[in-house]
Amino acid sequence: MSSTPDVLISEVGPRDGLQSVSRVMSTAHKLRWLDALVAAGLREIEVGSFVPAKLLPQMADTAEVVRHALTHPGLTVMALVPNLRGAEAALRAGVHKLTIPVSASAAHSMANVRKTREDMVAEVRAIVQLKNELAPQVHIEAGISTAFGCTLQGVVPEDDVVWLAQAVVEAGADESGLSDTTGMANPAQVRRLFTKVRAAIGDKTGAAHLHNTRGLGLANCLAAYDVGVRTFDSSLGGLGGCPYAPGASGNVVTEDLVFMFEAMGVRTGVDLTRLIAARAPLREGLPDEPLYGMTPEAGLPKGWL
């Protein structure tokens, strides 16, 4: 595997995927799945979120999962935090990177975190200050969720997205990516909006977090790649979706995303055979949960290198 991949595939299944299914995967199964993902060559994994267990029991063991993930050298251990309390818990657990969801949709912001968009910018500022005090080396991404549309609000003005990306960077976030939380994006929109955000915040433009709700996930990833995005969130087996965005399901399938890039000659650093094998511990932990992906079903082409 290449030591200098062209793109970073950030696996979000252990957080975004597991929070979206009703069944709680056991900690032991989570750790086996995590080990398999690392063995496949994934270098950044969102291992969970620091939220109250009563709200998301699927994430109750995140601190324990973080401790295990930290035993893997070279792995960037990432966690989602919706507020200052969650950030403090994540920082004390030793994560390398925090992801803070900041919604471009006013309606989704209230449904998801019970705060206005302006309140969330202030929350980002407070988290950055706490990070600087406790663990200044930790990286912070403030991801702009519902950037391409909202199932609650409808259209999200692109100017709102650009304003919010600028605001969170000014508040101290190291980067700000765009999330198609509701699966409403199309390739032209992805190109246009990432181009606008990059014009506003430059190299602080972060990951593309895109869903496959309407079958456009890979097309949208390619559109983002075409305008300079080099970090892509995806989920093994396509697990995922936002519980506060009704009808929005299905992250981009990691297996299909890696296949697309590798087939194009864009290096991911991920071993596809081992990646497909990582579905086995996922199935063991969630035996009744449907998994998606065209590449695992079709197999790798003859002569694949």
# chains A, B, ... in the order shown; residues from 1 in each chain; ligands from 1

call {"tool": "closest_atom_pairs", "arguments": {"of": "range 250-299 of chain A", "to": "range 206-225 of chain A", "cutoff": "6 Å", "atoms": "only C-alpha atoms", "output": "JSON lines"}}
result
{"residue": "A:Gly250", "atom": "CA", "partner": "A:Asn212", "partner_atom": "CA", "distance": 5.4}
{"residue": "A:Asn251", "atom": "CA", "partner": "A:His211", "partner_atom": "CA", "distance": 4.2}
{"residue": "A:Val252", "atom": "CA", "partner": "A:His211", "partner_atom": "CA", "distance": 5.2}

call {"tool": "closest_atom_pairs", "arguments": {"of": "range 64-119 of chain A", "to": "range 168-174 of chain A", "cutoff": "10 Å", "atoms": "only C-alpha atoms", "output": "Markdown table"}}
result
| residue | atom | partner | partner_atom | distance |
| --- | --- | --- | --- | --- |
| A:Leu98 | CA | A:Ala173 | CA | 9.8 |
| A:Thr99 | CA | A:Ala173 | CA | 9.6 |
| A:Ile100 | CA | A:Ala173 | CA | 9.2 |
| A:Val102 | CA | A:Val168 | CA | 8.5 |
| A:Glu118 | CA | A:Val168 | CA | 9.8 |

call {"tool": "residues_around", "arguments": {"residues": "Val21 in chain A", "least_positions_apart": "6", "cutoff": "12 Å", "atoms": "only C-alpha atoms", "output": "ChimeraX atom specification"}}
result
/A:13-15,56-59,238-243,249-250,285-291

call {"tool": "write_last_selection", "arguments": {"atoms": "C-alpha atoms", "output": "mmCIF file, in the first residue's frame"}}
result
data_model
loop_
_atom_site.group_PDB
_atom_site.id
_atom_site.type_symbol
_atom_site.label_atom_id
_atom_site.label_comp_id
_atom_site.auth_asym_id
_atom_site.auth_seq_id
_atom_site.Cartn_x
_atom_site.Cartn_y
_atom_site.Cartn_z
ATOM 1 C CA GLY A 13 -19.425 3.917 10.461
ATOM 2 C CA PRO A 14 -18.631 3.344 14.147
ATOM 3 C CA ARG A 15 -20.327 6.670 14.912
ATOM 4 C CA LEU A 56 -27.969 7.608 22.159
ATOM 5 C CA PRO A 57 -27.389 4.350 24.060
ATOM 6 C CA GLN A 58 -25.442 3.105 21.012
ATOM 7 C CA MET A 59 -22.659 5.542 22.001
ATOM 8 C CA GLY A 238 -23.381 2.240 3.876
ATOM 9 C CA LEU A 239 -24.683 2.382 7.427
ATOM 10 C CA GLY A 240 -25.794 5.764 8.665
ATOM 11 C CA GLY A 241 -28.184 8.656 8.606
ATOM 12 C CA CYS A 242 -29.247 11.456 10.909
ATOM 13 C CA PRO A 243 -31.946 10.581 13.484
ATOM 14 C CA SER A 249 -30.392 7.513 5.263
ATOM 15 C CA GLY A 250 -27.332 5.864 3.883
ATOM 16 C CA GLY A 285 -22.189 -7.423 15.747
ATOM 17 C CA LEU A 286 -25.379 -6.462 13.893
ATOM 18 C CA PRO A 287 -26.607 -9.721 12.346
ATOM 19 C CA ASP A 288 -30.023 -8.395 11.303
ATOM 20 C CA GLU A 289 -28.893 -5.051 9.882
ATOM 21 C CA PRO A 290 -28.845 -4.783 6.067
ATOM 22 C CA LEU A 291 -25.496 -3.828 4.565
#

call {"tool": "closest_residue", "arguments": {"among": "A:Leu152, A:Val253, A:Leu236, A:Leu84", "to": "Ala106 in chain A", "atoms": "only C-alpha atoms"}}
result
A:Leu152

call {"tool": "closest_residue", "arguments": {"among": "A:Arg125, A:Arg274, A:Arg43, A:Arg85", "to": "Leu70 in chain A", "atoms": "only C-alpha atoms"}}
result
A:Arg43

call {"tool": "atom_distance", "arguments": {"atom1": "CA of Val95 in chain A", "atom2": "CA of Ile144 in chain A"}}
result
20.8 Å

call {"tool": "residues_around", "arguments": {"residues": "Lys30 in chain A", "least_positions_apart": "5", "cutoff": "12 Å", "atoms": "only C-alpha atoms", "output": "PDB file with N, CA and C atoms, in the first residue's frame"}}
result
ATOM      1  N   GLY A  13     -18.447   4.938  10.095  1.00  0.00           N
ATOM      2  CA  GLY A  13     -19.425   3.917  10.461  1.00  0.00           C
ATOM      3  C   GLY A  13     -19.581   3.683  11.947  1.00  0.00           C
ATOM      4  N   PRO A  14     -18.480   3.600  12.714  1.00  0.00           N
ATOM      5  CA  PRO A  14     -18.631   3.344  14.147  1.00  0.00           C
ATOM      6  C   PRO A  14     -19.371   4.447  14.910  1.00  0.00           C
ATOM      7  N   ARG A  15     -19.507   5.614  14.295  1.00  0.00           N
ATOM      8  CA  ARG A  15     -20.327   6.670  14.912  1.00  0.00           C
ATOM      9  C   ARG A  15     -21.608   6.879  14.122  1.00  0.00           C
ATOM     10  N   GLY A  17     -22.815   5.421  11.522  1.00  0.00           N
ATOM     11  CA  GLY A  17     -23.541   4.201  11.203  1.00  0.00           C
ATOM     12  C   GLY A  17     -24.277   3.630  12.395  1.00  0.00           C
ATOM     13  N   LEU A  18     -23.563   3.448  13.495  1.00  0.00           N
ATOM     14  CA  LEU A  18     -24.148   2.775  14.653  1.00  0.00           C
ATOM     15  C   LEU A  18     -25.197   3.613  15.361  1.00  0.00           C
ATOM     16  N   VAL A  24     -28.070  -1.955  19.756  1.00  0.00           N
ATOM     17  CA  VAL A  24     -26.794  -1.505  20.306  1.00  0.00           C
ATOM     18  C   VAL A  24     -25.750  -2.601  20.081  1.00  0.00           C
ATOM     19  N   MET A  25     -24.696  -2.266  19.351  1.00  0.00           N
ATOM     20  CA  MET A  25     -23.613  -3.226  19.154  1.00  0.00           C
ATOM     21  C   MET A  25     -22.789  -3.325  20.426  1.00  0.00           C
ATOM     22  N   ASP A  35     -10.687  -3.016  14.760  1.00  0.00           N
ATOM     23  CA  ASP A  35      -9.409  -3.643  14.412  1.00  0.00           C
ATOM     24  C   ASP A  35      -9.366  -4.032  12.932  1.00  0.00           C
ATOM     25  N   ALA A  36     -10.491  -4.532  12.418  1.00  0.00           N
ATOM     26  CA  ALA A  36     -10.550  -4.939  11.008  1.00  0.00           C
ATOM     27  C   ALA A  36     -10.449  -3.735  10.080  1.00  0.00           C
ATOM     28  N   LEU A  37     -11.052  -2.618  10.477  1.00  0.00           N
ATOM     29  CA  LEU A  37     -10.967  -1.395   9.671  1.00  0.00           C
ATOM     30  C   LEU A  37      -9.529  -0.880   9.617  1.00  0.00           C
ATOM     31  N   VAL A  47     -14.804   7.115  15.858  1.00  0.00           N
ATOM     32  CA  VAL A  47     -15.089   5.910  16.636  1.00  0.00           C
ATOM     33  C   VAL A  47     -16.348   6.026  17.483  1.00  0.00           C
ATOM     34  N   GLY A  48     -16.913   7.226  17.611  1.00  0.00           N
ATOM     35  CA  GLY A  48     -18.123   7.383  18.410  1.00  0.00           C
ATOM     36  C   GLY A  48     -18.428   8.847  18.636  1.00  0.00           C
ATOM     37  N   GLN A  58     -26.432   3.749  21.894  1.00  0.00           N
ATOM     38  CA  GLN A  58     -25.442   3.105  21.012  1.00  0.00           C
ATOM     39  C   GLN A  58     -24.031   3.656  21.246  1.00  0.00           C
ATOM     40  N   MET A  59     -23.945   4.873  21.824  1.00  0.00           N
ATOM     41  CA  MET A  59     -22.659   5.542  22.001  1.00  0.00           C
ATOM     42  C   MET A  59     -22.194   5.560  23.463  1.00  0.00           C
ATOM     43  N   ASP A  61     -20.504   3.598  25.242  1.00  0.00           N
ATOM     44  CA  ASP A  61     -19.167   3.069  25.529  1.00  0.00           C
ATOM     45  C   ASP A  61     -18.066   3.777  24.740  1.00  0.00           C
ATOM     46  N   THR A  62     -18.334   4.978  24.250  1.00  0.00           N
ATOM     47  CA  THR A  62     -17.374   5.639  23.364  1.00  0.00           C
ATOM     48  C   THR A  62     -16.007   5.834  24.007  1.00  0.00           C
ATOM     49  N   GLU A  64     -14.492   3.983  26.128  1.00  0.00           N
ATOM     50  CA  GLU A  64     -13.780   2.701  26.106  1.00  0.00           C
ATOM     51  C   GLU A  64     -13.289   2.384  24.691  1.00  0.00           C
ATOM     52  N   VAL A  65     -14.115   2.692  23.689  1.00  0.00           N
ATOM     53  CA  VAL A  65     -13.709   2.462  22.307  1.00  0.00           C
ATOM     54  C   VAL A  65     -12.523   3.358  21.946  1.00  0.00           C
ATOM     55  N   VAL A  66     -12.540   4.602  22.415  1.00  0.00           N
ATOM     56  CA  VAL A  66     -11.415   5.510  22.179  1.00  0.00           C
ATOM     57  C   VAL A  66     -10.131   4.929  22.768  1.00  0.00           C
ATOM     58  N   HIS A  68      -9.271   1.909  23.256  1.00  0.00           N
ATOM     59  CA  HIS A  68      -8.769   0.814  22.416  1.00  0.00           C
ATOM     60  C   HIS A  68      -8.197   1.351  21.108  1.00  0.00           C
ATOM     61  N   ALA A  69      -8.892   2.296  20.496  1.00  0.00           N
ATOM     62  CA  ALA A  69      -8.437   2.840  19.214  1.00  0.00           C
ATOM     63  C   ALA A  69      -7.066   3.485  19.345  1.00  0.00           C
ATOM     64  N   ALA A 278     -13.757  -6.689   6.367  1.00  0.00           N
ATOM     65  CA  ALA A 278     -14.181  -6.007   7.594  1.00  0.00           C
ATOM     66  C   ALA A 278     -15.690  -5.984   7.751  1.00  0.00           C
ATOM     67  N   ARG A 279     -16.415  -6.397   6.713  1.00  0.00           N
ATOM     68  CA  ARG A 279     -17.864  -6.516   6.842  1.00  0.00           C
ATOM     69  C   ARG A 279     -18.252  -7.685   7.754  1.00  0.00           C
ATOM     70  N   ALA A 280     -17.361  -8.684   7.859  1.00  0.00           N
ATOM     71  CA  ALA A 280     -17.692  -9.870   8.658  1.00  0.00           C
ATOM     72  C   ALA A 280     -17.897  -9.534  10.139  1.00  0.00           C
ATOM     73  N   PRO A 281     -16.960  -8.826  10.808  1.00  0.00           N
ATOM     74  CA  PRO A 281     -17.221  -8.479  12.208  1.00  0.00           C
ATOM     75  C   PRO A 281     -18.388  -7.506  12.364  1.00  0.00           C
ATOM     76  N   LEU A 282     -18.657  -6.694  11.343  1.00  0.00           N
ATOM     77  CA  LEU A 282     -19.830  -5.821  11.404  1.00  0.00           C
ATOM     78  C   LEU A 282     -21.110  -6.656  11.386  1.00  0.00           C
ATOM     79  N   ARG A 283     -21.151  -7.651  10.511  1.00  0.00           N
ATOM     80  CA  ARG A 283     -22.323  -8.535  10.448  1.00  0.00           C
ATOM     81  C   ARG A 283     -22.499  -9.311  11.757  1.00  0.00           C
ATOM     82  N   GLU A 284     -21.377  -9.718  12.357  1.00  0.00           N
ATOM     83  CA  GLU A 284     -21.468 -10.458  13.617  1.00  0.00           C
ATOM     84  C   GLU A 284     -22.064  -9.591  14.721  1.00  0.00           C
ATOM     85  N   GLY A 285     -21.693  -8.317  14.715  1.00  0.00           N
ATOM     86  CA  GLY A 285     -22.189  -7.423  15.747  1.00  0.00           C
ATOM     87  C   GLY A 285     -23.609  -6.957  15.522  1.00  0.00           C
ATOM     88  N   LEU A 286     -24.019  -6.888  14.252  1.00  0.00           N
ATOM     89  CA  LEU A 286     -25.379  -6.462  13.893  1.00  0.00           C
ATOM     90  C   LEU A 286     -25.942  -7.444  12.870  1.00  0.00           C
TER      91      LEU A 286
END

call {"tool": "residues_around", "arguments": {"residues": "Ala104 in chain A", "least_positions_apart": "4", "cutoff": "6 Å", "atoms": "only C-alpha atoms", "output": "MDAnalysis selection string"}}
result
chainID A and resid 146:147 161

call {"tool": "atom_distance", "arguments": {"atom1": "CA of Gly41 in chain A", "atom2": "CA of His96 in chain A"}}
result
17.7 Å

call {"tool": "residues_around", "arguments": {"residues": "range 197-203 of chain A", "least_positions_apart": "3", "cutoff": "9 Å", "atoms": "only C-alpha atoms", "output": "list of chain:residue names"}}
result
A:Val161, A:Val162, A:Trp163, A:Ala165, A:Gln166, A:Val169, A:Glu175, A:Ser176, A:Gly177, A:Leu178, A:Arg192, A:Leu193, A:Phe194, A:Gly206, A:Gly228

call {"tool": "write_last_selection", "arguments": {"atoms": "N, CA and C atoms", "output": "mmCIF file, in the first residue's frame"}}
result
data_model
loop_
_atom_site.group_PDB
_atom_site.id
_atom_site.type_symbol
_atom_site.label_atom_id
_atom_site.label_comp_id
_atom_site.auth_asym_id
_atom_site.auth_seq_id
_atom_site.Cartn_x
_atom_site.Cartn_y
_atom_site.Cartn_z
ATOM 1 N N VAL A 161 -24.545 28.856 4.121
ATOM 2 C CA VAL A 161 -23.493 27.851 4.293
ATOM 3 C C VAL A 161 -22.123 28.523 4.317
ATOM 4 N N VAL A 162 -21.889 29.409 3.382
ATOM 5 C CA VAL A 162 -20.600 30.104 3.306
ATOM 6 C C VAL A 162 -20.388 30.956 4.555
ATOM 7 N N TRP A 163 -21.417 31.692 4.966
ATOM 8 C CA TRP A 163 -21.329 32.509 6.182
ATOM 9 C C TRP A 163 -20.960 31.652 7.390
ATOM 10 N N ALA A 165 -19.513 28.627 7.486
ATOM 11 C CA ALA A 165 -18.145 28.096 7.378
ATOM 12 C C ALA A 165 -17.130 29.162 7.787
ATOM 13 N N GLN A 166 -17.330 30.376 7.330
ATOM 14 C CA GLN A 166 -16.442 31.471 7.732
ATOM 15 C C GLN A 166 -16.520 31.713 9.239
ATOM 16 N N VAL A 169 -14.666 29.013 11.330
ATOM 17 C CA VAL A 169 -13.214 29.148 11.187
ATOM 18 C C VAL A 169 -12.725 30.364 11.978
ATOM 19 N N GLU A 175 -10.762 23.507 10.499
ATOM 20 C CA GLU A 175 -11.316 23.297 9.175
ATOM 21 C C GLU A 175 -12.828 23.214 9.263
ATOM 22 N N SER A 176 -13.470 23.376 8.119
ATOM 23 C CA SER A 176 -14.924 23.252 8.044
ATOM 24 C C SER A 176 -15.272 22.536 6.748
ATOM 25 N N GLY A 177 -15.890 21.374 6.891
ATOM 26 C CA GLY A 177 -16.325 20.605 5.725
ATOM 27 C C GLY A 177 -17.818 20.760 5.521
ATOM 28 N N LEU A 178 -18.315 20.132 4.469
ATOM 29 C CA LEU A 178 -19.733 20.229 4.137
ATOM 30 C C LEU A 178 -20.373 18.846 4.173
ATOM 31 N N ARG A 192 -20.394 23.627 -6.975
ATOM 32 C CA ARG A 192 -20.618 25.060 -6.776
ATOM 33 C C ARG A 192 -20.386 25.473 -5.329
ATOM 34 N N LEU A 193 -20.937 24.694 -4.399
ATOM 35 C CA LEU A 193 -20.873 25.098 -2.995
ATOM 36 C C LEU A 193 -19.471 24.915 -2.416
ATOM 37 N N PHE A 194 -18.805 23.817 -2.760
ATOM 38 C CA PHE A 194 -17.429 23.653 -2.281
ATOM 39 C C PHE A 194 -16.521 24.733 -2.867
ATOM 40 N N GLY A 206 -12.767 21.599 4.605
ATOM 41 C CA GLY A 206 -12.561 20.241 5.083
ATOM 42 C C GLY A 206 -13.219 19.170 4.228
ATOM 43 N N GLY A 228 -11.207 19.942 -5.760
ATOM 44 C CA GLY A 228 -10.115 20.031 -4.806
ATOM 45 C C GLY A 228 -10.290 19.385 -3.462
#

call {"tool": "atom_distance", "arguments": {"atom1": "CA of Thr76 in chain A", "atom2": "CA of Ile45 in chain A"}}
result
6.5 Å

call {"tool": "closest_residue", "arguments": {"among": "A:Arg230, A:Gln129, A:Asp16, A:Thr295", "to": "Arg267 in chain A", "atoms": "only C-alpha atoms"}}
result
A:Arg230

call {"tool": "closest_residue", "arguments": {"among": "A:Gly74, A:Gly293, A:Gly149, A:Pro82", "to": "Ala126 in chain A", "atoms": "only C-alpha atoms"}}
result
A:Pro82

call {"tool": "residues_around", "arguments": {"residues": "Ser109 in chain A", "least_positions_apart": "4", "cutoff": "10 Å", "atoms": "only C-alpha atoms", "output": "list in words"}}
result
Pro101, Val102, Ser103, Ala104, Ser105, Val113, Arg114, Lys115, Thr116, Arg117, Glu118, Asp119, Met120, Ser145, Thr146 and Tyr244 of chain A

call {"tool": "write_last_selection", "arguments": {"atoms": "N, CA, C and O atoms", "output": "PDB file, in the first residue's frame"}}
result
ATOM      1  N   PRO A 101     -20.865  19.255  14.917  1.00  0.00           N
ATOM      2  CA  PRO A 101     -21.890  19.478  13.888  1.00  0.00           C
ATOM      3  C   PRO A 101     -22.541  20.852  14.053  1.00  0.00           C
ATOM      4  O   PRO A 101     -23.090  21.170  15.108  1.00  0.00           O
ATOM      5  N   VAL A 102     -22.447  21.657  13.015  1.00  0.00           N
ATOM      6  CA  VAL A 102     -23.058  22.989  13.030  1.00  0.00           C
ATOM      7  C   VAL A 102     -23.982  23.067  11.826  1.00  0.00           C
ATOM      8  O   VAL A 102     -23.521  23.045  10.686  1.00  0.00           O
ATOM      9  N   SER A 103     -25.266  23.132  12.062  1.00  0.00           N
ATOM     10  CA  SER A 103     -26.222  23.028  10.973  1.00  0.00           C
ATOM     11  C   SER A 103     -26.449  24.356  10.269  1.00  0.00           C
ATOM     12  O   SER A 103     -26.653  25.391  10.909  1.00  0.00           O
ATOM     13  N   ALA A 104     -26.447  24.299   8.930  1.00  0.00           N
ATOM     14  CA  ALA A 104     -26.767  25.487   8.135  1.00  0.00           C
ATOM     15  C   ALA A 104     -28.260  25.757   8.118  1.00  0.00           C
ATOM     16  O   ALA A 104     -28.697  26.870   7.831  1.00  0.00           O
ATOM     17  N   SER A 105     -29.045  24.750   8.440  1.00  0.00           N
ATOM     18  CA  SER A 105     -30.498  24.889   8.518  1.00  0.00           C
ATOM     19  C   SER A 105     -30.889  25.290   9.937  1.00  0.00           C
ATOM     20  O   SER A 105     -30.574  24.591  10.904  1.00  0.00           O
ATOM     21  N   VAL A 113     -29.466  19.867  17.969  1.00  0.00           N
ATOM     22  CA  VAL A 113     -28.676  20.231  19.156  1.00  0.00           C
ATOM     23  C   VAL A 113     -29.384  21.231  20.070  1.00  0.00           C
ATOM     24  O   VAL A 113     -28.830  21.665  21.072  1.00  0.00           O
ATOM     25  N   ARG A 114     -30.617  21.604  19.700  1.00  0.00           N
ATOM     26  CA  ARG A 114     -31.418  22.531  20.513  1.00  0.00           C
ATOM     27  C   ARG A 114     -30.728  23.885  20.710  1.00  0.00           C
ATOM     28  O   ARG A 114     -30.808  24.488  21.784  1.00  0.00           O
ATOM     29  N   LYS A 115     -30.022  24.321  19.710  1.00  0.00           N
ATOM     30  CA  LYS A 115     -29.345  25.622  19.734  1.00  0.00           C
ATOM     31  C   LYS A 115     -29.512  26.299  18.383  1.00  0.00           C
ATOM     32  O   LYS A 115     -29.621  25.632  17.353  1.00  0.00           O
ATOM     33  N   THR A 116     -29.499  27.628  18.381  1.00  0.00           N
ATOM     34  CA  THR A 116     -29.493  28.349  17.117  1.00  0.00           C
ATOM     35  C   THR A 116     -28.125  28.209  16.460  1.00  0.00           C
ATOM     36  O   THR A 116     -27.142  27.796  17.089  1.00  0.00           O
ATOM     37  N   ARG A 117     -28.054  28.602  15.218  1.00  0.00           N
ATOM     38  CA  ARG A 117     -26.773  28.542  14.504  1.00  0.00           C
ATOM     39  C   ARG A 117     -25.747  29.475  15.164  1.00  0.00           C
ATOM     40  O   ARG A 117     -24.576  29.116  15.314  1.00  0.00           O
ATOM     41  N   GLU A 118     -26.201  30.649  15.578  1.00  0.00           N
ATOM     42  CA  GLU A 118     -25.306  31.588  16.255  1.00  0.00           C
ATOM     43  C   GLU A 118     -24.816  31.021  17.582  1.00  0.00           C
ATOM     44  O   GLU A 118     -23.647  31.200  17.955  1.00  0.00           O
ATOM     45  N   ASP A 119     -25.703  30.340  18.294  1.00  0.00           N
ATOM     46  CA  ASP A 119     -25.307  29.691  19.543  1.00  0.00           C
ATOM     47  C   ASP A 119     -24.237  28.637  19.299  1.00  0.00           C
ATOM     48  O   ASP A 119     -23.307  28.464  20.099  1.00  0.00           O
ATOM     49  N   MET A 120     -24.358  27.914  18.184  1.00  0.00           N
ATOM     50  CA  MET A 120     -23.382  26.870  17.887  1.00  0.00           C
ATOM     51  C   MET A 120     -22.028  27.451  17.512  1.00  0.00           C
ATOM     52  O   MET A 120     -20.983  26.862  17.819  1.00  0.00           O
ATOM     53  N   SER A 145     -23.483  20.803   8.634  1.00  0.00           N
ATOM     54  CA  SER A 145     -24.507  19.814   8.281  1.00  0.00           C
ATOM     55  C   SER A 145     -25.677  20.483   7.566  1.00  0.00           C
ATOM     56  O   SER A 145     -25.831  21.709   7.599  1.00  0.00           O
ATOM     57  N   THR A 146     -26.491  19.675   6.908  1.00  0.00           N
ATOM     58  CA  THR A 146     -27.613  20.135   6.066  1.00  0.00           C
ATOM     59  C   THR A 146     -27.163  21.229   5.097  1.00  0.00           C
ATOM     60  O   THR A 146     -27.918  22.148   4.788  1.00  0.00           O
ATOM     61  N   TYR A 244     -32.270  12.984  13.347  1.00  0.00           N
ATOM     62  CA  TYR A 244     -33.073  14.215  13.399  1.00  0.00           C
ATOM     63  C   TYR A 244     -33.309  14.799  12.008  1.00  0.00           C
ATOM     64  O   TYR A 244     -33.675  15.955  11.870  1.00  0.00           O
TER      65      TYR A 244
END

call {"tool": "select_by_dssp", "arguments": {"residues": "range 118-292 of chain A", "states": "strand (DSSP E or B)", "output": "list in words"}}
result
His139, Ile140, Glu141, Ala142, Gly143, Ile144, Ser145, Cys150, Gly154, Glu175, Ser176, Gly177, Leu178, Ser179, Thr205, Gly206, Ala207, Ala208, His209, His211, Thr231, Phe232, Asp233, Ser234, Ser235, Gly241, Ser249, Asn251 and Val253 of chain A

call {"tool": "select_by_dssp", "arguments": {"residues": "range 9-109 of chain A", "states": "helix (DSSP H, G or I)", "output": "VMD selection string"}}
result
chain A and resid 13 to 20 27 to 39 57 to 59 62 to 69 84 to 93 106 to 109
